[in-house]
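Data file: data10.cif. Format and content: mmCIF, C-alpha atoms and all ligand atoms.
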data_start
loop_
_atom_site.label_atom_id
_atom_site.label_comp_id
_atom_site.auth_asym_id
_atom_site.auth_seq_id
_atom_site.Cartn_x
_atom_site.Cartn_y
_atom_site.Cartn_z
CA MET A 1 0.00 0.00 0.00
CA PRO A 2 2.68 2.60 0.90
CA LEU A 3 4.43 1.70 -2.35
CA ALA A 4 1.19 2.19 -4.26
CA ILE A 5 0.74 5.61 -2.63
CA LEU A 6 4.32 6.58 -3.46
CA GLY A 7 4.06 5.32 -7.05
CA GLY A 8 0.73 7.09 -7.47
CA ALA A 9 2.15 10.34 -6.14
CA ILE A 10 5.02 10.15 -8.64
CA LEU A 11 2.74 9.25 -11.55
CA LEU A 12 0.14 11.89 -10.69
CA GLY A 13 2.92 14.44 -10.33
CA GLY A 14 3.70 14.00 -14.03
CA CYS A 15 6.30 16.49 -15.17
CA ASN A 16 6.00 18.14 -11.76
CA ALA A 17 7.35 14.97 -10.16
CA PRO A 18 8.74 15.64 -6.70
CA THR A 19 12.35 16.75 -6.49
CA PHE A 20 12.75 15.61 -2.85
CA GLY A 21 14.39 18.88 -1.93
CA ALA A 22 17.06 18.91 -4.68
CA PHE A 23 17.37 21.12 -7.73
CA ARG A 24 16.64 19.52 -11.10
CA GLY A 25 20.06 20.70 -12.26
CA ALA A 26 20.81 23.43 -14.80
CA THR A 27 23.70 21.48 -16.37
CA THR A 28 23.87 17.96 -17.80
CA GLN A 29 26.12 17.08 -14.85
CA GLY A 30 23.62 18.55 -12.39
CA ARG A 31 20.80 16.56 -14.01
CA ASP A 32 22.79 13.36 -13.59
CA GLU A 33 23.27 14.19 -9.92
CA PHE A 34 19.56 14.90 -9.61
CA LYS A 35 18.63 11.52 -11.12
CA LEU A 36 20.97 9.78 -8.67
CA TRP A 37 19.43 11.69 -5.77
CA VAL A 38 15.88 10.73 -6.79
CA GLY A 39 16.96 7.09 -7.12
CA PHE A 40 18.44 7.15 -3.61
CA VAL A 41 15.34 8.74 -2.09
CA ILE A 42 12.98 6.27 -3.79
CA ALA A 43 15.16 3.36 -2.68
CA GLY A 44 15.12 4.77 0.86
CA LEU A 45 11.35 5.20 0.80
CA ALA A 46 10.89 1.62 -0.45
CA VAL A 47 13.03 0.30 2.42
CA ALA A 48 11.15 2.53 4.88
CA ALA A 49 7.80 1.28 3.55
CA LEU A 50 8.93 -2.34 3.95
CA VAL A 51 10.32 -1.84 7.46
CA TRP A 52 7.45 0.28 8.76
CA GLY A 53 4.93 -2.00 7.05
CA LEU A 54 6.36 -5.06 8.78
CA ILE A 55 6.53 -3.24 12.13
CA PHE A 56 2.91 -2.10 11.95
CA TRP A 57 1.76 -5.46 10.65
CA THR A 58 3.51 -7.19 13.59
CA VAL A 59 2.09 -4.76 16.12
CA LEU A 60 -1.47 -5.21 14.83
CA ARG A 61 -1.30 -8.90 14.00
CA HIS A 62 0.30 -9.96 17.27
CA ARG A 63 -1.21 -7.44 19.65
CA ARG A 64 -2.32 -8.84 22.98
CA LYS A 65 -5.67 -10.57 22.65
CA SER A 66 -8.28 -11.27 25.29
CA ASN A 67 -7.60 -15.02 25.36
CA ASP A 68 -3.87 -14.24 25.97
CA GLU A 69 -2.61 -17.20 23.97
CA ILE A 70 1.13 -17.32 23.36
CA PRO A 71 2.06 -17.32 19.64
CA ARG A 72 4.09 -20.10 18.11
CA GLN A 73 7.66 -19.96 19.44
CA PHE A 74 10.65 -20.72 17.25
CA HIS A 75 14.37 -20.20 17.51
CA GLU A 76 15.67 -19.48 14.05
CA ASN A 77 14.57 -19.03 10.46
CA VAL A 78 17.50 -19.66 8.12
CA PRO A 79 15.86 -18.56 4.82
CA LEU A 80 14.72 -15.31 6.45
CA GLU A 81 18.18 -14.68 7.88
CA ILE A 82 19.81 -15.29 4.49
CA LEU A 83 17.29 -12.91 2.91
CA TYR A 84 17.83 -10.07 5.36
CA THR A 85 21.60 -10.45 5.11
CA THR A 86 21.86 -10.56 1.33
CA LEU A 87 19.18 -7.97 0.54
CA PRO A 88 20.99 -5.02 2.21
CA VAL A 89 24.26 -6.09 0.58
CA VAL A 90 22.54 -6.13 -2.82
CA ILE A 91 20.93 -2.72 -2.13
CA VAL A 92 24.28 -1.18 -1.16
CA GLY A 93 25.88 -2.76 -4.25
CA VAL A 94 23.22 -1.29 -6.56
CA LEU A 95 23.50 2.18 -4.96
CA PHE A 96 27.29 1.98 -5.18
CA TYR A 97 27.12 1.04 -8.87
CA PHE A 98 24.87 3.97 -9.77
CA THR A 99 27.02 6.33 -7.67
CA VAL A 100 30.16 5.32 -9.56
CA VAL A 101 28.39 5.64 -12.94
CA THR A 102 27.12 9.12 -12.02
CA GLU A 103 30.47 10.26 -10.62
CA ASN A 104 32.16 9.19 -13.84
CA GLU A 105 29.62 11.19 -15.88
CA VAL A 106 30.00 14.27 -13.68
CA ASP A 107 33.81 14.10 -13.59
CA ALA A 108 34.24 13.39 -17.31
CA VAL A 109 36.11 16.22 -19.03
CA SER A 110 35.94 16.98 -22.73
CA SER A 111 39.14 17.14 -24.76
CA HIS A 112 37.74 20.13 -26.70
CA PRO A 113 35.90 22.47 -24.33
CA ALA A 114 34.37 25.52 -26.01
CA GLU A 115 35.56 27.79 -23.19
CA ILE A 116 38.04 27.53 -20.37
CA VAL A 117 37.53 29.61 -17.25
CA HIS A 118 40.17 29.77 -14.52
CA VAL A 119 38.44 30.22 -11.18
CA LEU A 120 40.52 31.47 -8.26
CA GLY A 121 39.10 31.54 -4.75
CA TYR A 122 40.73 33.82 -2.20
CA ARG A 123 39.91 35.50 1.09
CA TRP A 124 37.33 36.84 0.33
CA GLY A 125 36.21 36.68 -3.21
CA TRP A 126 36.42 35.02 -6.59
CA GLN A 127 38.24 35.75 -9.80
CA PHE A 128 37.14 34.36 -13.17
CA THR A 129 39.67 34.54 -16.02
CA TYR A 130 38.52 33.59 -19.51
CA ASP A 131 40.75 31.53 -21.68
CA ALA A 132 40.15 30.50 -25.30
CA GLY A 133 39.73 26.78 -25.89
CA ASP A 134 43.21 26.67 -27.44
CA GLY A 135 44.87 28.11 -24.33
CA ARG A 136 45.20 31.73 -25.47
CA SER A 137 44.15 34.24 -22.88
CA GLN A 138 41.06 36.11 -23.93
CA GLY A 139 41.95 39.11 -21.84
CA VAL A 140 38.75 39.00 -19.83
CA GLN A 141 38.73 38.82 -16.07
CA VAL A 142 35.89 39.24 -13.62
CA ALA A 143 36.56 39.50 -9.90
CA THR A 144 35.11 40.56 -6.60
CA THR A 145 35.35 44.34 -6.46
CA ALA A 146 34.16 45.19 -2.96
CA GLN A 147 36.49 45.49 0.00
CA PRO A 148 35.81 43.02 2.81
CA ALA A 149 32.76 44.15 4.71
CA LEU A 150 29.60 42.48 5.76
CA LEU A 151 27.45 43.74 2.92
CA ALA A 152 24.80 41.03 3.22
CA GLN A 153 23.60 41.63 -0.34
CA PRO A 154 22.03 39.00 -2.61
CA ALA A 155 24.55 36.96 -4.61
CA THR A 156 23.45 38.68 -7.83
CA SER A 157 24.30 42.21 -6.69
CA LYS A 158 27.14 44.03 -8.41
CA GLU A 159 29.57 43.78 -5.49
CA TYR A 160 29.99 40.12 -6.36
CA PRO A 161 31.49 38.73 -9.56
CA GLN A 162 29.38 37.10 -12.22
CA LEU A 163 30.48 34.08 -14.20
CA VAL A 164 28.94 34.31 -17.68
CA LEU A 165 28.58 30.99 -19.52
CA PRO A 166 27.14 29.96 -22.91
CA VAL A 167 24.20 27.54 -22.86
CA GLY A 168 24.61 24.20 -24.63
CA GLU A 169 28.42 24.42 -24.73
CA THR A 170 31.10 22.61 -22.78
CA VAL A 171 32.85 24.94 -20.34
CA ARG A 172 35.98 23.79 -18.55
CA ILE A 173 36.48 25.17 -15.06
CA VAL A 174 40.05 25.21 -13.74
CA LEU A 175 39.65 25.74 -10.02
CA THR A 176 42.24 26.63 -7.42
CA SER A 177 42.77 28.78 -4.34
CA ALA A 178 45.24 31.51 -3.50
CA ASP A 179 45.25 30.92 0.24
CA VAL A 180 43.01 28.55 2.20
CA VAL A 181 40.41 25.93 1.24
CA HIS A 182 37.24 27.40 -0.26
CA GLY A 183 34.19 25.69 -1.73
CA PHE A 184 32.94 26.56 -5.22
CA TYR A 185 29.24 25.87 -4.84
CA ILE A 186 26.40 26.50 -7.29
CA PRO A 187 23.22 25.03 -5.75
CA GLU A 188 21.19 24.91 -8.99
CA PHE A 189 24.00 23.00 -10.69
CA ASN A 190 23.90 20.44 -7.84
CA PHE A 191 27.64 20.98 -7.73
CA SER A 192 30.28 21.90 -5.19
CA ARG A 193 34.02 21.38 -5.29
CA TYR A 194 36.92 22.45 -3.11
CA ALA A 195 39.17 25.26 -4.26
CA GLN A 196 42.43 24.16 -2.65
CA PRO A 197 45.77 25.98 -2.53
CA GLY A 198 48.38 24.06 -4.52
CA VAL A 199 45.76 21.82 -6.12
CA THR A 200 44.02 22.35 -9.45
CA ASN A 201 40.56 20.82 -9.84
CA LEU A 202 39.30 20.41 -13.41
CA PHE A 203 35.68 19.83 -14.34
CA ASP A 204 33.22 20.65 -17.10
CA PHE A 205 29.82 22.29 -17.04
CA ASN A 206 27.32 21.87 -19.87
CA PRO A 207 24.62 24.41 -18.99
CA THR A 208 21.23 23.26 -20.24
CA ARG A 209 19.16 26.39 -19.67
CA THR A 210 19.64 30.12 -19.50
CA GLY A 211 19.17 32.03 -16.28
CA VAL A 212 20.96 33.56 -13.33
CA PHE A 213 22.04 31.20 -10.58
CA ARG A 214 23.54 32.09 -7.25
CA GLY A 215 26.87 30.74 -6.05
CA GLN A 216 28.70 30.86 -2.77
CA CYS A 217 31.69 29.56 -0.86
CA SER A 218 30.70 26.33 0.85
CA GLU A 219 33.76 25.95 3.07
CA PHE A 220 34.07 28.12 6.15
CA CYS A 221 37.25 30.05 5.38
CA GLY A 222 37.36 32.97 7.78
CA LEU A 223 35.78 36.24 8.82
CA TYR A 224 34.15 37.21 5.51
CA HIS A 225 33.29 33.72 4.32
CA ALA A 226 29.64 34.76 4.11
CA GLU A 227 30.67 37.48 1.64
CA MET A 228 32.21 35.00 -0.82
CA LEU A 229 29.22 35.15 -3.10
CA PHE A 230 29.02 35.13 -6.87
CA SER A 231 26.45 34.45 -9.54
CA VAL A 232 26.40 32.49 -12.76
CA ARG A 233 24.59 33.91 -15.78
CA VAL A 234 23.92 31.41 -18.53
CA VAL A 235 23.12 33.06 -21.86
CA SER A 236 22.77 32.00 -25.50
CA ASP A 237 26.01 31.37 -27.34
CA SER A 238 25.61 34.51 -29.48
CA ALA A 239 24.93 36.62 -26.38
CA PHE A 240 27.98 35.07 -24.75
CA GLN A 241 30.25 35.89 -27.71
CA HIS A 242 28.86 39.42 -27.71
CA TRP A 243 29.52 39.81 -23.99
CA LEU A 244 33.03 38.40 -24.36
CA SER A 245 34.06 40.74 -27.17
CA ALA A 246 32.51 43.74 -25.41
CA GLU A 247 34.47 42.86 -22.25
CA GLN A 248 37.67 42.42 -24.27
CA VAL A 249 37.34 45.91 -25.68
CA HIS A 250 36.26 47.39 -22.36
CA GLN A 251 39.01 45.73 -20.32
CA ALA A 252 41.70 46.46 -22.93
CA GLN A 253 40.79 50.16 -22.72
CA ALA A 254 40.71 50.13 -18.93
CA GLY A 255 43.95 48.14 -18.65
CA THR A 256 43.94 44.74 -17.02
CA GLY A 257 41.86 44.29 -13.95
CA ALA A 258 38.49 43.55 -12.65
CA THR A 259 35.26 44.82 -14.07
CA SER A 260 31.67 44.12 -13.46
CU CU A 301 35.79 30.83 1.12
#

Hey, can you dump this file as structure tokens for me?
Ligand SMILES: [Cu+2]
Amino acid sequence: MPLAILGGAILLGGCNAPTFGAFRGATTQGRDEFKLWVGFVIAGLAVAALVWGLIFWTVLRHRRKSNDEIPRQFHENVPLEILYTTLPVVIVGVLFYFTVVTENEVDAVSSHPAEIVHVLGYRWGWQFTYDAGDGRSQGVQVATTAQPALLAQPATSKEYPQLVLPVGETVRIVLTSADVVHGFYIPEFNFSRYAQPGVTNLFDFNPTRTGVFRGQCSEFCGLYHAEMLFSVRVVSDSAFQHWLSAEQVHQAQAGTGATS
């Protein structure tokens, strides 16, 4: 019955199927993570339905009756013990398999990314440097402009840098840190990764829809950790190329350095 209710809820939900508290993912990698999450939650609910079902069935079926008869007593049940030993092992094995498959999809990097962005985390901000796919610098850099202060503004406000990405393209992120460990976290991408000093983390994003998404540091790194905000703006490829060339002109005129 609980399974029927759960299945019905999912079917009736249609395209508004429950997300179980996760984002659907605005990148192909984020969508893969989302699918894994939904699989884990459904597996957990199925186990919960089985366990709770058996508990309630036992409580009702074997509740104390007026005639007070003692139920049949037995010492062991080998088939049942084999079942409840192997079943959890199989469940863990299946979850492990899908986790490895998803991790491999999320960590896979293209040999020909359309864009390469070097992301540097530092106390307390972010710097995004655009690189052409062939390794040439594109002369565009976006960085945190505000001095450390508790501004408490939304992540999309102009004090914080914005990472502009083209939709439907492969973007390589080259992530590192200038000082301590930071966390490069974009909730709607279902993605977070450490920015570590002395370590370079490589990963790809394939944004699947346009929009503005908030980002933040997910590793407590000091006094202004809460100010390590940024946003990600995913635009059409033509809008991206337009933005990039406008920034190249603008930043070349202004000399190197940060802009909004
Ligand atoms: Cu940080």

Spatial neighbours of Pro113 in chain A, 8 Å, only C-alpha atoms, chain gap at least 3 places, as a short mmCIF file (atom, residue, chain, number, x, y, z; two decimals) with C-alpha atoms, in the coordinates of the input:
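The resulting file, out25.cif, is shown below:
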data_model
loop_
_atom_site.label_atom_id
_atom_site.label_comp_id
_atom_site.auth_asym_id
_atom_site.auth_seq_id
_atom_site.Cartn_x
_atom_site.Cartn_y
_atom_site.Cartn_z
CA SER A 110 35.94 16.98 -22.73
CA ILE A 116 38.04 27.53 -20.37
CA GLY A 133 39.73 26.78 -25.89
CA GLU A 169 28.42 24.42 -24.73
CA THR A 170 31.10 22.61 -22.78
CA VAL A 171 32.85 24.94 -20.34
CA ARG A 172 35.98 23.79 -18.55
CA ASP A 204 33.22 20.65 -17.10
#

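Residue nearest Phe128 in chain A within the list A:Pro154, A:Pro161, A:Pro148, A:Gly211: A:Pro161 [criterion: smallest interatomic distance, all atoms listed in the file].
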
May I have the residues within 10 Å of Cys221 in chain A as a PDB file with C-alpha atoms, keeping the file's coordinate frame, using all atoms listed in the file and disregarding those fewer than 6 positions away in the same chain?
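Saved as selection_22.pdb:
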ATOM      1  CA  TYR A 122      40.730  33.820  -2.200  1.00  0.00           C
ATOM      2  CA  ARG A 123      39.910  35.500   1.090  1.00  0.00           C
ATOM      3  CA  TRP A 124      37.330  36.840   0.330  1.00  0.00           C
ATOM      4  CA  ASP A 179      45.250  30.920   0.240  1.00  0.00           C
ATOM      5  CA  VAL A 180      43.010  28.550   2.200  1.00  0.00           C
ATOM      6  CA  VAL A 181      40.410  25.930   1.240  1.00  0.00           C
ATOM      7  CA  HIS A 182      37.240  27.400  -0.260  1.00  0.00           C
ATOM      8  CA  GLY A 183      34.190  25.690  -1.730  1.00  0.00           C
ATOM      9  CA  MET A 228      32.210  35.000  -0.820  1.00  0.00           C
TER      10      MET A 228
END

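Closest approach to ligand CU 301 (chain A) among A:Gln196, A:Asn201, A:Gln241, A:Gln251: A:Gln196, based on all atoms listed in the file.
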
Notebook entry, point to check: Residues within 12 Å of ligand CU 301 (chain A) (only C-alpha atoms and all ligand atoms), as an NGL selection string?
Noted result: :A and (120-126 or 176-185 or 193-197 or 215-230)

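A straight line drawn from CA of Pro187 in chain A to CA of Gly25 in chain A is 8.4 Å long.
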
Notebook entry, point to check: Which residue, A:Val249, A:Ile186, A:Ala155, A:Leu202, has the smallest gap to Ala26 in chain A when you use only C-alpha atoms?
Noted result: A:Ile186

Leaving out range 104-109 of chain A and any residue of its chain fewer than 5 positions from it, which residues lie within 12 Å of it when counting only C-alpha atoms, given as a PDB file with C-alpha atoms, in the coordinates of the input?
ATOM      1  CA  GLY A  25      20.060  20.700 -12.260  1.00  0.00           C
ATOM      2  CA  THR A  27      23.700  21.480 -16.370  1.00  0.00           C
ATOM      3  CA  THR A  28      23.870  17.960 -17.800  1.00  0.00           C
ATOM      4  CA  GLN A  29      26.120  17.080 -14.850  1.00  0.00           C
ATOM      5  CA  GLY A  30      23.620  18.550 -12.390  1.00  0.00           C
ATOM      6  CA  ARG A  31      20.800  16.560 -14.010  1.00  0.00           C
ATOM      7  CA  ASP A  32      22.790  13.360 -13.590  1.00  0.00           C
ATOM      8  CA  GLU A  33      23.270  14.190  -9.920  1.00  0.00           C
ATOM      9  CA  PHE A  34      19.560  14.900  -9.610  1.00  0.00           C
ATOM     10  CA  LYS A  35      18.630  11.520 -11.120  1.00  0.00           C
ATOM     11  CA  LEU A  36      20.970   9.780  -8.670  1.00  0.00           C
ATOM     12  CA  TYR A  97      27.120   1.040  -8.870  1.00  0.00           C
ATOM     13  CA  PHE A  98      24.870   3.970  -9.770  1.00  0.00           C
ATOM     14  CA  THR A  99      27.020   6.330  -7.670  1.00  0.00           C
ATOM     15  CA  ALA A 114      34.370  25.520 -26.010  1.00  0.00           C
ATOM     16  CA  ILE A 116      38.040  27.530 -20.370  1.00  0.00           C
ATOM     17  CA  THR A 170      31.100  22.610 -22.780  1.00  0.00           C
ATOM     18  CA  VAL A 171      32.850  24.940 -20.340  1.00  0.00           C
ATOM     19  CA  ARG A 172      35.980  23.790 -18.550  1.00  0.00           C
ATOM     20  CA  ILE A 173      36.480  25.170 -15.060  1.00  0.00           C
ATOM     21  CA  VAL A 174      40.050  25.210 -13.740  1.00  0.00           C
ATOM     22  CA  PHE A 189      24.000  23.000 -10.690  1.00  0.00           C
ATOM     23  CA  ASN A 190      23.900  20.440  -7.840  1.00  0.00           C
ATOM     24  CA  PHE A 191      27.640  20.980  -7.730  1.00  0.00           C
ATOM     25  CA  SER A 192      30.280  21.900  -5.190  1.00  0.00           C
ATOM     26  CA  ARG A 193      34.020  21.380  -5.290  1.00  0.00           C
ATOM     27  CA  ASN A 201      40.560  20.820  -9.840  1.00  0.00           C
ATOM     28  CA  LEU A 202      39.300  20.410 -13.410  1.00  0.00           C
ATOM     29  CA  PHE A 203      35.680  19.830 -14.340  1.00  0.00           C
ATOM     30  CA  ASP A 204      33.220  20.650 -17.100  1.00  0.00           C
ATOM     31  CA  PHE A 205      29.820  22.290 -17.040  1.00  0.00           C
ATOM     32  CA  ASN A 206      27.320  21.870 -19.870  1.00  0.00           C
TER      33      ASN A 206
END

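Going from CA of His250 in chain A to CA of Val212 in chain A covers 22.5 Å.
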
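If only C-alpha atoms are the atoms counted, then among A:Asp131, A:Glu159, A:Ala239, A:Gln248 the closest residue to Thr145 in chain A is A:Glu159.
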
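The space separating CA of Val167 in chain A from CA of Ser236 in chain A comes to 5.4 Å.
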
Note to self: Let me make sure I understand: among A:Ala254, A:Thr102, A:Asp68, A:Phe240, which one has the smallest atom-to-atom distance to Trp37 in chain A if we use only C-alpha atoms?
What the structure shows: A:Thr102

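Distance check against Gly168 in chain A using all atoms listed in the file: of A:Ala143, A:Val41, A:Ala49, A:Val235, the minimum falls on A:Val235.
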